[in-house]
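Here is the file data.txt (compact mmCIF, C-alpha atoms).
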# COMPACT_ATOMS: atom_id res chain seq x y z
CA MET A 1 0.00 0.00 0.00
CA GLU A 2 1.13 3.55 -0.73
CA ARG A 3 2.21 5.42 2.38
CA ILE A 4 2.36 9.07 3.42
CA PRO A 5 5.90 9.64 4.79
CA GLY A 6 4.94 11.32 8.07
CA PHE A 7 2.55 8.60 9.29
CA LYS A 8 4.28 6.65 12.10
CA ALA A 9 3.28 4.00 14.63
CA TYR A 10 1.89 6.44 17.20
CA ASP A 11 1.50 9.77 15.41
CA ILE A 12 2.22 11.85 12.32
CA ARG A 13 5.69 13.35 12.50
CA GLY A 14 8.28 14.84 10.17
CA LYS A 15 10.18 17.83 8.83
CA VAL A 16 8.23 20.97 8.03
CA PRO A 17 7.25 21.58 5.26
CA SER A 18 8.60 18.59 3.29
CA GLU A 19 6.86 15.87 5.36
CA LEU A 20 4.30 17.87 7.33
CA ASN A 21 2.64 21.09 6.20
CA GLY A 22 -0.61 23.04 6.28
CA ASP A 23 -2.11 21.15 3.34
CA LEU A 24 -1.59 17.77 5.03
CA ALA A 25 -2.84 19.13 8.39
CA TYR A 26 -6.01 20.38 6.69
CA LYS A 27 -6.67 16.99 5.09
CA VAL A 28 -5.94 15.23 8.38
CA GLY A 29 -8.52 17.44 10.09
CA ARG A 30 -11.23 16.51 7.61
CA ALA A 31 -10.30 12.81 7.68
CA VAL A 32 -10.16 12.59 11.50
CA ALA A 33 -13.53 14.33 11.80
CA LYS A 34 -15.04 11.83 9.35
CA TYR A 35 -13.36 8.77 10.88
CA LEU A 36 -14.48 9.66 14.42
CA ASP A 37 -17.82 11.09 13.27
CA ALA A 38 -16.72 13.91 15.54
CA LYS A 39 -18.86 16.80 16.74
CA LEU A 40 -16.14 18.31 18.98
CA ILE A 41 -12.34 18.05 18.85
CA VAL A 42 -9.82 19.74 21.19
CA ILE A 43 -6.55 20.99 19.73
CA GLY A 44 -3.42 22.43 21.33
CA HIS A 45 0.17 23.05 20.32
CA ASP A 46 3.73 23.30 21.57
CA VAL A 47 6.20 26.15 21.15
CA ARG A 48 7.58 25.30 17.68
CA PRO A 49 7.57 28.02 15.00
CA SER A 50 5.41 25.89 12.68
CA SER A 51 2.82 24.99 15.34
CA PRO A 52 0.44 27.99 14.93
CA GLU A 53 0.21 27.50 11.15
CA LEU A 54 -0.42 23.76 11.48
CA SER A 55 -2.98 24.42 14.21
CA GLU A 56 -4.88 26.86 12.00
CA ALA A 57 -4.86 24.45 9.03
CA LEU A 58 -5.98 21.52 11.20
CA ALA A 59 -8.80 23.60 12.70
CA LYS A 60 -9.97 24.64 9.23
CA GLY A 61 -10.08 20.99 8.13
CA LEU A 62 -12.10 20.04 11.20
CA THR A 63 -14.55 22.94 10.91
CA ASP A 64 -14.98 22.41 7.14
CA ALA A 65 -16.12 18.89 8.07
CA GLY A 66 -18.73 20.40 10.38
CA CYS A 67 -16.84 19.69 13.61
CA ASP A 68 -16.55 22.26 16.40
CA VAL A 69 -13.07 22.94 17.79
CA ILE A 70 -11.85 24.01 21.22
CA ASP A 71 -8.35 25.45 20.85
CA ILE A 72 -6.49 25.48 24.18
CA GLY A 73 -3.41 27.12 22.63
CA LEU A 74 0.12 26.62 23.94
CA CYS A 75 0.09 23.57 26.21
CA GLY A 76 1.68 20.27 27.13
CA THR A 77 0.46 16.96 25.75
CA GLU A 78 -0.94 16.00 29.15
CA MET A 79 -3.21 19.06 29.02
CA ILE A 80 -4.73 17.58 25.85
CA TYR A 81 -5.23 14.26 27.68
CA PHE A 82 -6.99 16.19 30.45
CA ALA A 83 -9.08 18.43 28.17
CA THR A 84 -10.57 15.57 26.12
CA PRO A 85 -12.79 14.12 28.90
CA HIS A 86 -13.07 17.54 30.58
CA PHE A 87 -14.94 18.89 27.54
CA ASN A 88 -16.53 15.51 26.71
CA ALA A 89 -14.86 15.78 23.30
CA ASP A 90 -14.81 13.10 20.61
CA GLY A 91 -11.04 13.36 20.42
CA SER A 92 -8.06 15.68 20.55
CA VAL A 93 -4.96 16.56 18.56
CA MET A 94 -1.69 17.82 20.05
CA ILE A 95 0.66 19.56 17.63
CA THR A 96 4.15 18.73 18.84
CA ALA A 97 7.39 17.01 17.92
CA SER A 98 8.35 16.70 21.60
CA HIS A 99 12.16 16.51 21.85
CA ASN A 100 12.99 16.72 18.12
CA PRO A 101 14.83 19.70 16.55
CA PRO A 102 12.79 22.87 15.77
CA GLU A 103 12.43 22.09 12.04
CA TYR A 104 10.28 19.05 12.95
CA ASN A 105 6.69 18.92 14.07
CA GLY A 106 3.99 16.32 14.58
CA LEU A 107 0.37 15.50 15.36
CA LYS A 108 -0.58 13.24 18.30
CA PHE A 109 -4.14 11.94 18.44
CA VAL A 110 -6.54 10.58 21.01
CA ARG A 111 -10.19 9.67 20.70
CA GLU A 112 -12.95 9.95 23.33
CA GLY A 113 -11.77 9.41 26.91
CA SER A 114 -8.19 10.09 25.74
CA LYS A 115 -7.89 6.58 24.29
CA PRO A 116 -4.90 6.33 21.92
CA LEU A 117 -5.43 6.75 18.18
CA GLY A 118 -2.33 5.20 16.61
CA TYR A 119 -1.54 3.63 13.28
CA ASP A 120 -3.01 0.25 14.19
CA SER A 121 -6.05 1.81 15.89
CA GLY A 122 -7.36 4.23 13.27
CA LEU A 123 -4.53 6.37 11.94
CA ASN A 124 -4.11 3.88 9.10
CA GLU A 125 -7.73 4.53 8.10
CA VAL A 126 -7.11 8.29 8.20
CA GLU A 127 -4.12 7.76 5.88
CA LYS A 128 -6.27 5.72 3.46
CA MET A 129 -8.92 8.45 3.38
CA ILE A 130 -6.31 11.05 2.45
CA LEU A 131 -4.68 8.85 -0.21
CA ASN A 132 -8.08 8.06 -1.75
CA ASP A 133 -9.31 11.66 -1.45
CA ASP A 134 -12.18 10.26 0.60
CA LEU A 135 -12.58 13.21 2.94
CA GLY A 136 -16.33 13.67 2.70
CA ASP A 137 -18.20 16.76 1.59
CA ILE A 138 -17.62 20.24 2.94
CA ALA A 139 -20.32 20.71 5.57
CA GLU A 140 -23.24 22.99 4.81
CA VAL A 141 -22.96 24.29 8.37
CA LYS A 142 -19.29 24.59 9.26
CA GLY A 143 -18.00 24.11 12.79
CA ALA A 144 -16.89 26.93 15.07
CA VAL A 145 -13.57 27.49 16.86
CA GLN A 146 -13.54 28.51 20.52
CA ARG A 147 -10.31 29.45 22.28
CA LYS A 148 -10.21 28.43 25.94
CA ASP A 149 -7.56 28.61 28.67
CA VAL A 150 -7.78 25.41 30.74
CA MET A 151 -4.63 25.88 32.82
CA ASP A 152 -6.52 26.53 36.08
CA GLU A 153 -8.75 23.46 35.64
CA PHE A 154 -5.73 21.35 34.65
CA ILE A 155 -3.77 22.39 37.75
CA ARG A 156 -6.79 21.59 39.96
CA HIS A 157 -6.91 18.15 38.31
CA ILE A 158 -3.28 17.24 38.99
CA ASN A 159 -3.54 18.63 42.53
CA LYS A 160 -5.74 15.61 43.33
CA PHE A 161 -2.68 13.34 43.14
CA TYR A 162 -0.69 14.76 46.07
CA ASN A 163 -0.95 16.71 49.30
CA PRO A 164 1.02 19.99 49.30
CA ASP A 165 0.90 20.03 53.12
CA LYS A 166 3.08 16.91 53.12
CA ILE A 167 5.84 18.41 50.97
CA ALA A 168 8.98 19.74 52.65
CA PRO A 169 10.47 23.13 51.68
CA PHE A 170 12.96 21.69 49.19
CA LYS A 171 15.12 23.65 46.83
CA VAL A 172 14.52 22.13 43.37
CA VAL A 173 16.21 22.83 40.05
CA VAL A 174 13.54 22.79 37.32
CA ASN A 175 14.80 22.75 33.72
CA ALA A 176 12.05 23.45 31.17
CA GLY A 177 14.47 23.22 28.24
CA ASN A 178 12.70 26.26 26.68
CA GLY A 179 9.73 23.94 26.04
CA CYS A 180 6.15 24.33 27.24
CA VAL A 181 6.33 23.37 30.92
CA GLY A 182 7.40 26.77 32.30
CA PRO A 183 3.90 28.31 32.59
CA ALA A 184 2.56 25.21 34.39
CA LEU A 185 5.50 25.26 36.82
CA ASP A 186 4.79 28.93 37.54
CA ARG A 187 1.23 28.00 38.57
CA LEU A 188 2.43 25.11 40.74
CA GLU A 189 5.07 27.28 42.38
CA LYS A 190 2.32 29.31 44.04
CA LEU A 191 0.86 26.15 45.60
CA LEU A 192 4.04 24.40 46.74
CA PRO A 193 6.38 25.21 49.68
CA ILE A 194 9.46 24.58 47.50
CA LYS A 195 11.92 27.07 46.04
CA MET A 196 12.37 26.59 42.30
CA VAL A 197 15.71 27.28 40.66
CA LYS A 198 14.58 27.84 37.07
CA VAL A 199 16.75 26.86 34.09
CA PHE A 200 15.85 27.68 30.45
CA HIS A 201 12.40 28.48 31.78
CA GLU A 202 10.83 30.59 29.05
CA PRO A 203 9.19 28.84 26.07
CA ASP A 204 11.35 29.64 23.04
CA SER A 205 10.68 28.18 19.60
CA ARG A 206 14.37 28.48 18.62
CA PHE A 207 15.50 26.11 21.42
CA PRO A 208 18.59 28.31 21.93
CA ASN A 209 20.00 25.96 24.59
CA GLY A 210 19.57 22.76 22.58
CA VAL A 211 16.56 20.54 21.94
CA PRO A 212 14.62 19.72 25.12
CA ASN A 213 15.69 16.09 25.38
CA PRO A 214 17.21 15.21 28.78
CA LEU A 215 18.04 11.71 27.54
CA LEU A 216 20.95 13.23 25.61
CA PRO A 217 23.90 13.31 28.05
CA GLU A 218 25.07 16.71 26.75
CA ASN A 219 21.66 18.20 27.59
CA ARG A 220 21.88 17.12 31.24
CA GLN A 221 24.86 19.31 32.14
CA PRO A 222 22.96 22.58 32.73
CA THR A 223 20.70 20.81 35.26
CA ILE A 224 23.70 19.18 36.94
CA ASP A 225 25.55 22.51 37.11
CA ALA A 226 22.52 24.30 38.59
CA ILE A 227 22.11 21.62 41.29
CA LYS A 228 25.76 21.93 42.32
CA GLU A 229 25.80 25.75 42.20
CA SER A 230 22.55 26.20 44.16
CA GLY A 231 22.93 23.29 46.60
CA ALA A 232 19.51 22.03 45.51
CA ASP A 233 17.90 18.93 47.00
CA LEU A 234 17.17 17.50 43.55
CA GLY A 235 16.72 18.45 39.92
CA VAL A 236 13.99 17.76 37.37
CA ALA A 237 14.10 18.28 33.59
CA TRP A 238 11.30 17.94 31.04
CA ASP A 239 11.07 17.25 27.33
CA GLY A 240 9.45 19.77 24.96
CA ASP A 241 5.80 18.80 25.46
CA TYR A 242 6.42 17.73 29.11
CA ASP A 243 4.81 14.32 28.96
CA ARG A 244 8.12 13.00 30.37
CA CYS A 245 10.21 14.21 33.30
CA PHE A 246 13.72 13.17 34.32
CA PHE A 247 15.22 13.24 37.81
CA PHE A 248 18.67 14.12 39.18
CA ASP A 249 19.73 13.55 42.78
CA GLU A 250 21.26 16.15 45.11
CA HIS A 251 24.75 15.35 43.76
CA GLY A 252 23.66 15.95 40.16
CA ASN A 253 23.55 12.26 39.24
CA PHE A 254 21.04 11.42 36.50
CA ILE A 255 18.59 8.75 37.73
CA GLU A 256 17.52 6.11 35.22
CA GLY A 257 13.77 6.08 34.64
CA TYR A 258 13.72 2.41 35.64
CA TYR A 259 14.24 3.30 39.30
CA ILE A 260 11.71 6.15 39.20
CA VAL A 261 9.03 3.62 38.13
CA ALA A 262 9.63 1.69 41.34
CA LEU A 263 9.61 4.85 43.49
CA LEU A 264 6.29 5.97 42.00
CA ALA A 265 4.81 2.49 42.46
CA LYS A 266 5.94 2.52 46.10
CA SER A 267 4.47 5.99 46.62
CA ILE A 268 1.09 5.06 45.11
CA LEU A 269 0.81 1.66 46.81
CA ARG A 270 1.34 3.30 50.19
CA ASN A 271 -2.20 4.71 49.96
CA HIS A 272 -3.64 2.08 47.58
CA PRO A 273 -2.43 -1.36 48.72
CA GLY A 274 -3.25 -4.36 46.55
CA GLU A 275 -3.55 -2.38 43.32
CA LYS A 276 -2.05 -3.50 40.01
CA ILE A 277 1.06 -1.82 38.58
CA VAL A 278 1.91 -2.20 34.86
CA TYR A 279 5.56 -2.24 33.75
CA ASP A 280 7.44 -2.86 30.50
CA PRO A 281 9.78 -5.78 29.67
CA ARG A 282 13.00 -3.85 29.09
CA LEU A 283 14.07 -3.81 32.75
CA THR A 284 11.91 -5.69 35.25
CA TRP A 285 13.49 -7.21 38.35
CA ASN A 286 13.61 -4.10 40.53
CA THR A 287 10.05 -3.11 39.68
CA VAL A 288 8.65 -6.57 40.44
CA ASP A 289 10.59 -6.70 43.72
CA VAL A 290 9.50 -3.25 44.94
CA VAL A 291 5.85 -3.64 43.86
CA THR A 292 5.54 -7.08 45.47
CA LYS A 293 7.11 -5.92 48.75
CA ALA A 294 4.79 -2.88 48.77
CA GLY A 295 1.75 -5.14 48.52
CA GLY A 296 0.98 -4.48 44.85
CA VAL A 297 0.46 -6.78 41.89
CA PRO A 298 3.00 -6.35 39.04
CA VAL A 299 1.60 -6.81 35.51
CA ILE A 300 3.88 -6.88 32.47
CA SER A 301 2.98 -5.21 29.17
CA LYS A 302 4.62 -4.64 25.82
CA SER A 303 6.30 -1.22 25.86
CA GLY A 304 4.81 1.77 24.08
CA HIS A 305 2.04 4.06 25.23
CA ALA A 306 -0.75 2.34 23.27
CA PHE A 307 0.10 -1.07 24.77
CA ILE A 308 0.60 0.22 28.33
CA LYS A 309 -2.69 2.13 28.29
CA GLN A 310 -4.54 -0.86 26.86
CA LYS A 311 -3.11 -3.22 29.48
CA MET A 312 -3.91 -0.77 32.29
CA ARG A 313 -7.52 -0.59 31.15
CA GLU A 314 -7.70 -4.40 30.85
CA VAL A 315 -6.54 -5.01 34.44
CA ASN A 316 -7.73 -1.71 35.98
CA ALA A 317 -4.17 -0.80 37.01
CA ILE A 318 -3.70 2.33 39.11
CA TYR A 319 -0.29 3.16 37.59
CA GLY A 320 1.90 2.11 34.69
CA GLY A 321 5.54 3.03 34.21
CA GLU A 322 8.09 2.72 31.43
CA MET A 323 11.83 3.08 31.92
CA SER A 324 11.70 5.68 29.11
CA ALA A 325 10.16 8.12 31.65
CA HIS A 326 6.55 7.74 30.56
CA HIS A 327 4.33 7.42 33.63
CA TYR A 328 0.60 6.63 33.33
CA PHE A 329 -2.16 7.09 35.91
CA ARG A 330 -5.65 5.59 36.03
CA GLU A 331 -7.17 8.79 37.41
CA ASN A 332 -5.52 10.70 34.56
CA SER A 333 -7.51 8.86 31.85
CA TYR A 334 -4.80 6.16 31.91
CA SER A 335 -2.55 8.76 30.26
CA ASP A 336 1.04 9.80 30.82
CA SER A 337 2.05 12.89 32.71
CA GLY A 338 5.28 14.75 33.32
CA LEU A 339 3.98 16.78 36.26
CA ILE A 340 2.24 14.16 38.41
CA PRO A 341 5.51 12.16 38.88
CA PHE A 342 7.29 15.38 39.88
CA LEU A 343 4.69 16.04 42.60
CA LEU A 344 4.58 12.43 43.83
CA ILE A 345 8.37 12.20 44.14
CA LEU A 346 8.45 15.46 46.11
CA GLN A 347 5.89 14.02 48.53
CA LEU A 348 7.65 10.65 48.79
CA LEU A 349 11.00 12.31 49.60
CA SER A 350 9.26 14.39 52.26
CA GLU A 351 7.42 11.46 53.84
CA GLU A 352 10.51 9.26 53.85
CA ASN A 353 12.64 12.16 55.11
CA ALA A 354 15.32 10.94 52.73
CA LYS A 355 17.41 12.20 49.87
CA LEU A 356 16.77 10.94 46.35
CA SER A 357 20.24 9.36 46.24
CA GLU A 358 19.34 7.31 49.34
CA LEU A 359 16.02 6.09 47.96
CA VAL A 360 17.43 4.99 44.61
CA GLY A 361 20.84 3.95 45.95
CA GLU A 362 19.55 0.71 47.47
CA MET A 363 17.76 -0.21 44.24
CA ILE A 364 20.75 0.59 42.05
CA LYS A 365 22.93 -1.58 44.27
CA ALA A 366 20.41 -4.45 44.26
CA TYR A 367 19.66 -4.28 40.52
CA PRO A 368 22.34 -2.37 38.57
CA CYS A 369 21.33 -1.69 34.96
CA SER A 370 22.98 -0.50 31.76
CA GLY A 371 20.33 1.99 30.72
CA GLU A 372 19.16 1.80 27.12
CA ILE A 373 22.00 1.61 24.57
CA ASN A 374 21.24 2.03 20.86
CA SER A 375 23.25 0.41 18.07
CA LYS A 376 22.72 1.41 14.43
CA ILE A 377 23.22 -1.70 12.30
CA PRO A 378 22.28 -2.71 8.74
CA ASP A 379 20.08 -5.75 9.55
CA PRO A 380 18.39 -5.43 12.97
CA ALA A 381 15.98 -8.34 12.39
CA GLY A 382 18.80 -10.69 11.38
CA LYS A 383 20.90 -9.69 14.39
CA LEU A 384 17.92 -10.18 16.72
CA ALA A 385 17.55 -13.74 15.43
CA ALA A 386 21.28 -14.35 15.93
CA ILE A 387 21.08 -13.07 19.53
CA LYS A 388 18.18 -15.41 20.23
CA GLU A 389 20.24 -18.34 18.95
CA LYS A 390 23.43 -17.35 20.78
CA TYR A 391 21.64 -17.03 24.13
CA SER A 392 19.24 -19.95 23.66
CA ASP A 393 20.41 -21.53 26.93
CA GLY A 394 18.61 -18.77 28.86
CA LYS A 395 14.89 -18.36 29.53
CA ILE A 396 13.59 -16.58 26.43
CA ASP A 397 10.53 -14.35 26.21
CA GLU A 398 9.37 -12.55 23.04
CA LEU A 399 6.62 -10.29 24.36
CA ASP A 400 8.61 -7.28 23.16
CA GLY A 401 11.73 -7.97 21.15
CA VAL A 402 13.81 -10.69 22.81
CA SER A 403 14.23 -10.93 26.59
CA VAL A 404 16.64 -13.53 27.94
CA GLU A 405 16.88 -14.35 31.65
CA TYR A 406 19.55 -16.19 33.61
CA PRO A 407 19.60 -16.67 37.40
CA ASP A 408 21.83 -13.64 38.06
CA TRP A 409 21.41 -11.40 34.96
CA ARG A 410 18.99 -10.68 32.15
CA PHE A 411 18.68 -8.53 29.05
CA ASN A 412 16.18 -7.25 26.50
CA VAL A 413 16.89 -6.32 22.88
CA ARG A 414 14.27 -4.60 20.72
CA MET A 415 14.15 -3.15 17.25
CA SER A 416 13.24 0.51 16.78
CA ASN A 417 9.89 1.21 15.10
CA THR A 418 11.35 4.00 13.00
CA GLU A 419 15.12 3.51 12.56
CA PRO A 420 17.58 0.66 11.79
CA LEU A 421 18.45 0.36 15.49
CA LEU A 422 18.67 -2.29 18.15
CA ARG A 423 17.97 -1.08 21.68
CA LEU A 424 19.72 -3.00 24.48
CA ASN A 425 19.00 -3.07 28.23
CA VAL A 426 20.93 -5.25 30.69
CA GLU A 427 20.51 -5.77 34.45
CA ALA A 428 22.00 -8.02 37.10
CA ARG A 429 21.27 -9.10 40.67
CA GLY A 430 23.57 -7.13 42.94
CA ASP A 431 26.63 -7.44 40.67
CA ILE A 432 27.56 -4.29 38.76
CA GLU A 433 30.67 -5.87 37.27
CA LEU A 434 28.66 -8.75 35.85
CA MET A 435 26.19 -6.25 34.37
CA ARG A 436 29.03 -4.28 32.74
CA LYS A 437 30.73 -7.42 31.45
CA LYS A 438 27.53 -8.77 29.88
CA THR A 439 26.66 -5.36 28.41
CA GLU A 440 30.08 -5.21 26.71
CA GLU A 441 29.71 -8.81 25.50
CA LEU A 442 26.31 -8.11 23.96
CA LEU A 443 27.35 -4.83 22.37
CA ASN A 444 30.39 -6.48 20.78
CA PHE A 445 28.12 -9.18 19.34
CA ILE A 446 25.48 -6.70 18.15
CA ARG A 447 27.98 -4.40 16.47
CA SER A 448 30.18 -7.12 14.95
Whole structure, structure tokens version:
Amino acid sequence: MERIPGFKAYDIRGKVPSELNGDLAYKVGRAVAKYLDAKLIVIGHDVRPSSPELSEALAKGLTDAGCDVIDIGLCGTEMIYFATPHFNADGSVMITASHNPPEYNGLKFVREGSKPLGYDSGLNEVEKMILNDDLGDIAEVKGAVQRKDVMDEFIRHINKFYNPDKIAPFKVVVNAGNGCVGPALDRLEKLLPIKMVKVFHEPDSRFPNGVPNPLLPENRQPTIDAIKESGADLGVAWDGDYDRCFFFDEHGNFIEGYYIVALLAKSILRNHPGEKIVYDPRLTWNTVDVVTKAGGVPVISKSGHAFIKQKMREVNAIYGGEMSAHHYFRENSYSDSGLIPFLLILQLLSEENAKLSELVGEMIKAYPCSGEINSKIPDPAGKLAAIKEKYSDGKIDELDGVSVEYPDWRFNVRMSNTEPLLRLNVEARGDIELMRKKTEELLNFIRS
């Protein structure tokens, strides 16, 4: 089947204007309205220079199809997840390319109740409609666009997840990366007893301090420097559309998302014992251990937001976490948030009267991990098959890529959805040298 270049597994994404432009956004608007038989769609956008133009074109496509539009303007993706059920909308579109360079942009979709709309759950049908010019007639009565500020309602919503009276007066470095999270942090600052040390706080479409992607080691240094200079208790950095947040301890050490999943599970299970916690197969032992000891029920799911959200709905899980720093909450329409984890970790640190390094230190010692390591190779599928054969003496699971488990170490290797990459994660039981040795062994094999 013919494909439109920007259509990906979870969204539409690409360079502007070669892969994504106003004409495509207009057609997408008409197609989405027809596919969902939508009467009301919420749209919002990030700080990118192309976002207002794409937003206008998308809104025109939706209204030409007879669909009303609520435009919430500059926002984070989690505000779209909130606004969809808040306005009882038939779906929403967030215009963002998250952590990609400024010349990129994208469209993320949800349907009613903020359920994912990805390529295998409807976006493929939208693509077919566009390719076949099957967009329906221009409506006799066109839809209307209303612009609404939902920041106050959104902040009230996330305030349900924590108790500000239980948060100590920490000093916290907050790095917005010149993305969209700054205005939301300003609202939270008025409600919290903490002192914020703000880094790259103002939204800036040029991303003058680098793309807002804290997973890139070079992008972590400003947060680390600010923690050391200010003597902060911890640091937090967000990606461009703030659906992910990343933590640094009081020494400036970057904390792998794997350990944050366990901390959040522990925090939530304290008040909700017996609940189910969903986790992904890349790194597992620490999560299973912490959740079980905290009286929860660990449930594994294929990684990726569509799979995690589906599994959470299936088992009625209260929380789901991925080591990639996506954290999902049942009372947040099973959607991911970059602000709720920030608030929960602040409360957990306060209640435990402990430093972040102390809380994660025990877990890192018990289950050291490699973090995700990418290798660009010509034949990822062939190499994956070779890995499976080489390590066939271990316990093999293929829920997501290939996971192989031995008594004292395990690993997962997955192919990228979008690039010729293999993604490797390794962990061990209390033996950092074994973890490093096996990581080196696997990387040598993968890259040979």
Hey, what's within 12 Å of segment 186-194 of chain A if we count all atoms listed in the file and toss same-chain stuff fewer than 2 positions away? As a ChimeraX atom specification, please?
/A:151-159,162-174,176,180-184,196-198,201-202,232-234,339-340,342-343,346-347,350
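Of the listed residues (A:Gly177, A:Gly338, A:Pro203, A:Gly61), A:Gly177 comes nearest to Thr223 of chain A; the distances count all atoms listed in the file.
The gap separating atom CA of Tyr319 of chain A from atom CA of Val278 of chain A is 6.4 Å, in Å to one decimal.
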Give me, as a list in words, all polymer residues having an atom no more than 8 Å from Ile260 of chain A, counting all atoms listed in the file and skipping those fewer than 5 positions away in the same chain.
Ile255, Met323, Ala325 and Val360 of chain A
Next, write the just-selected residues to a file, as a CSV table (one decimal), keeping the file's coordinate frame, keeping C-alpha atoms as the atom set.
chain,number,residue,atom,x,y,z
A,255,ILE,CA,18.6,8.8,37.7
A,323,MET,CA,11.8,3.1,31.9
A,325,ALA,CA,10.2,8.1,31.6
A,360,VAL,CA,17.4,5.0,44.6
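Using only C-alpha atoms, the shortest contact distance between Leu107 of chain A and any of A:Pro378, A:Gly6, A:Gly66, A:Pro208 is found at A:Gly6.
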Return segment 6-26 of chain A, completed with N, CA and C atoms, as a short mmCIF file (atom, residue, chain, number, x, y, z; two decimals), in the coordinates of the input.
data_model
loop_
_atom_site.label_atom_id
_atom_site.label_comp_id
_atom_site.auth_asym_id
_atom_site.auth_seq_id
_atom_site.Cartn_x
_atom_site.Cartn_y
_atom_site.Cartn_z
N GLY A 6 4.96 10.92 6.67
CA GLY A 6 4.94 11.32 8.07
C GLY A 6 4.16 10.41 8.99
N PHE A 7 3.38 9.46 8.44
CA PHE A 7 2.55 8.60 9.29
C PHE A 7 3.43 7.54 9.98
N LYS A 8 3.45 7.57 11.31
CA LYS A 8 4.28 6.65 12.10
C LYS A 8 3.39 5.75 12.96
N ALA A 9 4.03 4.96 13.82
CA ALA A 9 3.28 4.00 14.63
C ALA A 9 2.30 4.68 15.58
N TYR A 10 2.72 5.82 16.17
CA TYR A 10 1.89 6.44 17.20
C TYR A 10 1.36 7.81 16.81
N ASP A 11 1.86 8.39 15.73
CA ASP A 11 1.50 9.77 15.41
C ASP A 11 1.87 10.08 13.97
N ILE A 12 1.69 11.34 13.58
CA ILE A 12 2.22 11.85 12.32
C ILE A 12 3.36 12.78 12.69
N ARG A 13 4.52 12.60 12.04
CA ARG A 13 5.69 13.35 12.50
C ARG A 13 6.67 13.50 11.33
N GLY A 14 7.29 14.67 11.22
CA GLY A 14 8.28 14.84 10.17
C GLY A 14 8.76 16.27 10.06
N LYS A 15 9.65 16.49 9.08
CA LYS A 15 10.18 17.83 8.83
C LYS A 15 9.11 18.71 8.21
N VAL A 16 9.14 19.98 8.60
CA VAL A 16 8.23 20.97 8.03
C VAL A 16 9.03 21.82 7.04
N PRO A 17 8.55 22.01 5.78
CA PRO A 17 7.25 21.58 5.26
C PRO A 17 7.30 20.32 4.39
N SER A 18 8.47 19.68 4.26
CA SER A 18 8.60 18.59 3.29
C SER A 18 7.74 17.38 3.65
N GLU A 19 7.62 17.05 4.95
CA GLU A 19 6.86 15.87 5.36
C GLU A 19 5.57 16.22 6.10
N LEU A 20 5.50 17.41 6.62
CA LEU A 20 4.30 17.87 7.33
C LEU A 20 4.11 19.34 7.05
N ASN A 21 2.91 19.70 6.55
CA ASN A 21 2.64 21.09 6.20
C ASN A 21 1.15 21.38 6.38
N GLY A 22 0.77 22.62 6.08
CA GLY A 22 -0.61 23.04 6.28
C GLY A 22 -1.60 22.25 5.44
N ASP A 23 -1.21 21.90 4.21
CA ASP A 23 -2.11 21.15 3.34
C ASP A 23 -2.42 19.77 3.93
N LEU A 24 -1.37 19.07 4.42
CA LEU A 24 -1.59 17.77 5.03
C LEU A 24 -2.40 17.90 6.32
N ALA A 25 -2.11 18.93 7.14
CA ALA A 25 -2.84 19.13 8.39
C ALA A 25 -4.32 19.37 8.12
N TYR A 26 -4.62 20.12 7.07
CA TYR A 26 -6.01 20.38 6.69
C TYR A 26 -6.72 19.08 6.33
#
